[in-house]
Amino acid sequence: MTPTGTPGGTVPENKAPTALGLDANVAAAVAYMLGWITGIAVLLIERDNRFVRFHAMQSTIVFGVLSVAWFLFLSIPLLGWLISFMVIPPVSAVLWLILIFKAYQGEHFKLPIAGDMAERNM
């Protein structure tokens, strides 16, 4: 083992420096802060750290889809309004908290569909 704690002296992705000047776990958590908005911003700024880029892409996909779904259901009277106000916001809040927490812990936490899409589109 080398002083960096990994074989061959390489730094793990979740500990490598970022273009944002933040620790990778903090930059990954920031990618979720304002949903797809910060996801896109972090994608545009961070070019090298795959851990941060994965979380930024996953944030963009997850919260972009939830935003579009919210607007679509909002256009459907009654049942759509119920879904828009009673289902999507709590689902978004729970996902937001889990994803920020997992990113901050340095985990490569992948949601079933969005995570696969994020890995393919990095």
# chains A, B, ... in the order shown; residues from 1 in each chain; ligands from 1
>>> select_by_dssp(residues="stretch 7-116 of chain A", states="alpha helix (DSSP H)", output="short mmCIF file (atom, residue, chain, number, x, y, z; two decimals) with N, CA, C and O atoms, in the first residue's frame")
data_model
loop_
_atom_site.label_atom_id
_atom_site.label_comp_id
_atom_site.auth_asym_id
_atom_site.auth_seq_id
_atom_site.Cartn_x
_atom_site.Cartn_y
_atom_site.Cartn_z
N ALA A 24 -14.64 15.49 -3.71
CA ALA A 24 -15.53 14.83 -4.67
C ALA A 24 -16.89 14.50 -4.06
O ALA A 24 -17.92 14.67 -4.71
N ASN A 25 -16.90 14.06 -2.81
CA ASN A 25 -18.19 13.72 -2.20
C ASN A 25 -19.07 14.96 -2.02
O ASN A 25 -20.28 14.91 -2.21
N VAL A 26 -18.47 16.10 -1.70
CA VAL A 26 -19.23 17.34 -1.55
C VAL A 26 -19.72 17.81 -2.92
O VAL A 26 -20.89 18.21 -3.07
N ALA A 27 -18.88 17.75 -3.93
CA ALA A 27 -19.29 18.15 -5.28
C ALA A 27 -20.41 17.27 -5.80
O ALA A 27 -21.35 17.75 -6.44
N ALA A 28 -20.36 15.96 -5.49
CA ALA A 28 -21.43 15.05 -5.92
C ALA A 28 -22.74 15.39 -5.21
O ALA A 28 -23.81 15.37 -5.83
N ALA A 29 -22.67 15.74 -3.93
CA ALA A 29 -23.87 16.14 -3.19
C ALA A 29 -24.43 17.45 -3.72
O ALA A 29 -25.64 17.62 -3.84
N VAL A 30 -23.55 18.37 -4.08
CA VAL A 30 -23.98 19.66 -4.64
C VAL A 30 -24.75 19.44 -5.95
O VAL A 30 -25.68 20.19 -6.25
N TRP A 36 -32.24 19.05 -11.24
CA TRP A 36 -31.63 19.01 -12.58
C TRP A 36 -30.84 20.28 -12.89
O TRP A 36 -29.92 20.25 -13.70
N ILE A 37 -31.13 21.39 -12.23
CA ILE A 37 -30.41 22.64 -12.49
C ILE A 37 -28.95 22.51 -12.06
O ILE A 37 -28.04 22.79 -12.85
N THR A 38 -28.72 22.07 -10.82
CA THR A 38 -27.34 21.91 -10.38
C THR A 38 -26.69 20.70 -11.05
O THR A 38 -25.47 20.67 -11.23
N GLY A 39 -27.49 19.72 -11.42
CA GLY A 39 -26.94 18.58 -12.16
C GLY A 39 -26.30 19.03 -13.46
O GLY A 39 -25.17 18.66 -13.77
N ILE A 40 -27.02 19.85 -14.21
CA ILE A 40 -26.48 20.36 -15.48
C ILE A 40 -25.28 21.26 -15.23
O ILE A 40 -24.26 21.16 -15.93
N ALA A 41 -25.37 22.12 -14.23
CA ALA A 41 -24.26 23.04 -13.93
C ALA A 41 -22.99 22.27 -13.59
O ALA A 41 -21.90 22.59 -14.11
N VAL A 42 -23.11 21.24 -12.76
CA VAL A 42 -21.93 20.46 -12.38
C VAL A 42 -21.40 19.68 -13.59
O VAL A 42 -20.19 19.58 -13.77
N LEU A 43 -22.29 19.17 -14.43
CA LEU A 43 -21.83 18.49 -15.65
C LEU A 43 -21.02 19.41 -16.55
O LEU A 43 -20.04 18.99 -17.16
N LEU A 44 -21.45 20.66 -16.65
CA LEU A 44 -20.74 21.62 -17.51
C LEU A 44 -19.38 22.02 -16.93
O LEU A 44 -18.44 22.29 -17.68
N ILE A 45 -19.28 22.04 -15.60
CA ILE A 45 -18.04 22.48 -14.96
C ILE A 45 -17.05 21.34 -14.77
O ILE A 45 -15.86 21.49 -15.06
N ARG A 50 -15.13 11.18 -12.68
CA ARG A 50 -16.27 10.36 -13.09
C ARG A 50 -17.28 10.15 -11.97
O ARG A 50 -18.47 10.02 -12.24
N PHE A 51 -16.84 10.13 -10.73
CA PHE A 51 -17.75 9.99 -9.60
C PHE A 51 -18.71 11.19 -9.54
O PHE A 51 -19.93 11.02 -9.43
N VAL A 52 -18.18 12.37 -9.66
CA VAL A 52 -18.99 13.60 -9.61
C VAL A 52 -19.87 13.67 -10.86
O VAL A 52 -21.06 14.00 -10.77
N ARG A 53 -19.31 13.36 -12.01
CA ARG A 53 -20.10 13.41 -13.26
C ARG A 53 -21.26 12.40 -13.23
O ARG A 53 -22.34 12.70 -13.71
N PHE A 54 -21.04 11.21 -12.65
CA PHE A 54 -22.11 10.23 -12.53
C PHE A 54 -23.26 10.81 -11.71
O PHE A 54 -24.42 10.73 -12.11
N HIS A 55 -22.94 11.37 -10.56
CA HIS A 55 -24.00 11.90 -9.70
C HIS A 55 -24.69 13.11 -10.35
O HIS A 55 -25.91 13.27 -10.22
N ALA A 56 -23.94 13.92 -11.07
CA ALA A 56 -24.55 15.07 -11.77
C ALA A 56 -25.49 14.59 -12.87
O ALA A 56 -26.60 15.12 -13.03
N MET A 57 -25.09 13.57 -13.60
CA MET A 57 -25.93 13.03 -14.67
C MET A 57 -27.17 12.36 -14.08
O MET A 57 -28.29 12.54 -14.58
N GLN A 58 -27.00 11.60 -13.00
CA GLN A 58 -28.14 10.94 -12.37
C GLN A 58 -29.12 11.99 -11.84
O GLN A 58 -30.33 11.84 -11.97
N SER A 59 -28.61 13.07 -11.27
CA SER A 59 -29.47 14.16 -10.78
C SER A 59 -30.26 14.79 -11.92
O SER A 59 -31.47 15.03 -11.80
N THR A 60 -29.59 15.05 -13.02
CA THR A 60 -30.24 15.65 -14.18
C THR A 60 -31.36 14.75 -14.69
O THR A 60 -32.47 15.22 -14.98
N ILE A 61 -31.09 13.46 -14.80
CA ILE A 61 -32.09 12.52 -15.32
C ILE A 61 -33.26 12.37 -14.35
O ILE A 61 -34.43 12.53 -14.74
N VAL A 62 -32.98 12.07 -13.09
CA VAL A 62 -34.05 11.80 -12.12
C VAL A 62 -34.95 13.01 -11.93
O VAL A 62 -36.18 12.92 -12.05
N PHE A 63 -34.35 14.15 -11.65
CA PHE A 63 -35.17 15.32 -11.33
C PHE A 63 -35.72 16.00 -12.59
O PHE A 63 -36.74 16.66 -12.53
N GLY A 64 -35.07 15.78 -13.73
CA GLY A 64 -35.65 16.24 -14.99
C GLY A 64 -36.91 15.48 -15.32
O GLY A 64 -37.94 16.06 -15.67
N VAL A 65 -36.87 14.16 -15.17
CA VAL A 65 -38.05 13.32 -15.43
C VAL A 65 -39.17 13.66 -14.44
O VAL A 65 -40.33 13.77 -14.83
N LEU A 66 -38.82 13.82 -13.17
CA LEU A 66 -39.85 14.17 -12.18
C LEU A 66 -40.47 15.54 -12.48
O LEU A 66 -41.67 15.73 -12.29
N SER A 67 -39.68 16.49 -12.94
CA SER A 67 -40.21 17.81 -13.29
C SER A 67 -41.17 17.73 -14.48
O SER A 67 -42.24 18.32 -14.47
N VAL A 68 -40.78 16.99 -15.50
CA VAL A 68 -41.64 16.81 -16.68
C VAL A 68 -42.92 16.09 -16.29
O VAL A 68 -44.01 16.48 -16.70
N ALA A 69 -42.79 15.03 -15.47
CA ALA A 69 -43.98 14.30 -15.01
C ALA A 69 -44.91 15.21 -14.23
O ALA A 69 -46.14 15.16 -14.40
N TRP A 70 -44.36 16.06 -13.39
CA TRP A 70 -45.17 17.00 -12.60
C TRP A 70 -45.98 17.91 -13.52
O TRP A 70 -47.17 18.09 -13.35
N PHE A 71 -45.31 18.47 -14.54
CA PHE A 71 -46.01 19.36 -15.49
C PHE A 71 -47.06 18.60 -16.30
O PHE A 71 -48.16 19.11 -16.54
N LEU A 72 -46.74 17.39 -16.72
CA LEU A 72 -47.71 16.61 -17.49
C LEU A 72 -48.94 16.25 -16.66
O LEU A 72 -50.08 16.41 -17.12
N PHE A 73 -48.74 15.78 -15.45
CA PHE A 73 -49.87 15.43 -14.59
C PHE A 73 -50.67 16.67 -14.20
O PHE A 73 -51.88 16.59 -13.99
N LEU A 74 -50.01 17.79 -14.11
CA LEU A 74 -50.69 19.04 -13.77
C LEU A 74 -51.69 19.44 -14.86
O LEU A 74 -52.68 20.11 -14.58
N LEU A 79 -57.47 13.88 -11.25
CA LEU A 79 -56.54 12.81 -10.92
C LEU A 79 -55.09 13.25 -11.14
O LEU A 79 -54.21 12.98 -10.32
N GLY A 80 -54.84 13.95 -12.23
CA GLY A 80 -53.50 14.45 -12.50
C GLY A 80 -53.06 15.45 -11.45
O GLY A 80 -51.89 15.46 -11.04
N TRP A 81 -53.97 16.30 -11.02
CA TRP A 81 -53.65 17.28 -9.98
C TRP A 81 -53.30 16.58 -8.67
O TRP A 81 -52.38 16.99 -7.97
N LEU A 82 -54.08 15.54 -8.34
CA LEU A 82 -53.78 14.77 -7.13
C LEU A 82 -52.37 14.18 -7.19
O LEU A 82 -51.61 14.26 -6.22
N ILE A 88 -45.88 13.18 -6.46
CA ILE A 88 -44.57 13.58 -7.00
C ILE A 88 -43.72 14.36 -5.99
O ILE A 88 -42.54 14.05 -5.83
N PRO A 89 -44.26 15.35 -5.27
CA PRO A 89 -43.42 16.07 -4.30
C PRO A 89 -42.82 15.18 -3.19
O PRO A 89 -41.62 15.28 -2.92
N PRO A 90 -43.62 14.30 -2.55
CA PRO A 90 -42.98 13.45 -1.53
C PRO A 90 -41.95 12.48 -2.11
O PRO A 90 -40.89 12.25 -1.51
N VAL A 91 -42.23 11.93 -3.29
CA VAL A 91 -41.26 11.03 -3.94
C VAL A 91 -39.98 11.81 -4.24
O VAL A 91 -38.87 11.32 -3.99
N SER A 92 -40.12 13.01 -4.76
CA SER A 92 -38.96 13.85 -5.06
C SER A 92 -38.15 14.16 -3.80
O SER A 92 -36.92 14.09 -3.81
N ALA A 93 -38.84 14.51 -2.73
CA ALA A 93 -38.16 14.86 -1.48
C ALA A 93 -37.39 13.67 -0.91
O ALA A 93 -36.24 13.81 -0.48
N VAL A 94 -38.00 12.50 -0.91
CA VAL A 94 -37.33 11.30 -0.39
C VAL A 94 -36.11 10.96 -1.25
O VAL A 94 -35.02 10.70 -0.72
N LEU A 95 -36.29 10.96 -2.57
CA LEU A 95 -35.15 10.68 -3.45
C LEU A 95 -34.04 11.71 -3.27
O LEU A 95 -32.86 11.36 -3.22
N TRP A 96 -34.42 12.97 -3.16
CA TRP A 96 -33.45 14.05 -2.98
C TRP A 96 -32.61 13.82 -1.73
O TRP A 96 -31.38 13.89 -1.78
N LEU A 97 -33.26 13.52 -0.61
CA LEU A 97 -32.53 13.30 0.64
C LEU A 97 -31.62 12.07 0.56
O LEU A 97 -30.46 12.13 0.97
N ILE A 98 -32.14 10.98 0.03
CA ILE A 98 -31.34 9.75 -0.08
C ILE A 98 -30.13 9.96 -0.98
O ILE A 98 -29.00 9.59 -0.64
N LEU A 99 -30.35 10.57 -2.14
CA LEU A 99 -29.26 10.75 -3.11
C LEU A 99 -28.19 11.71 -2.60
O LEU A 99 -26.99 11.46 -2.79
N ILE A 100 -28.60 12.79 -1.93
CA ILE A 100 -27.59 13.70 -1.36
C ILE A 100 -26.78 12.98 -0.29
O ILE A 100 -25.55 13.08 -0.25
N PHE A 101 -27.47 12.26 0.58
CA PHE A 101 -26.79 11.55 1.66
C PHE A 101 -25.80 10.53 1.10
O PHE A 101 -24.65 10.46 1.54
N LYS A 102 -26.24 9.72 0.15
CA LYS A 102 -25.37 8.68 -0.43
C LYS A 102 -24.17 9.30 -1.15
O LYS A 102 -23.05 8.80 -1.04
N ALA A 103 -24.40 10.39 -1.88
CA ALA A 103 -23.29 11.05 -2.58
C ALA A 103 -22.30 11.61 -1.57
O ALA A 103 -21.08 11.49 -1.74
N TYR A 104 -22.80 12.23 -0.51
CA TYR A 104 -21.92 12.81 0.50
C TYR A 104 -21.11 11.73 1.23
O TYR A 104 -19.99 11.98 1.64
N ALA A 114 -32.44 5.20 -13.93
CA ALA A 114 -31.70 6.46 -14.11
C ALA A 114 -30.20 6.27 -13.94
O ALA A 114 -29.41 6.88 -14.66
N GLY A 115 -29.78 5.42 -13.01
CA GLY A 115 -28.36 5.17 -12.79
C GLY A 115 -27.71 4.51 -13.99
O GLY A 115 -26.58 4.85 -14.36
N ASP A 116 -28.43 3.56 -14.60
CA ASP A 116 -27.89 2.92 -15.80
C ASP A 116 -27.78 3.93 -16.94
O ASP A 116 -26.78 3.94 -17.67
#
>>> closest_residue(among="A:Ala118, A:Met86, A:Ala19, A:Ala31", to="A:Arg47", atoms="only C-alpha atoms")
A:Ala19
>>> atom_distance(atom1="atom CA of A:Asn121", atom2="atom CA of A:Ile83")
29.5 Å
>>> atom_distance(atom1="atom CA of A:His108", atom2="atom CA of A:Arg120")
14.5 Å
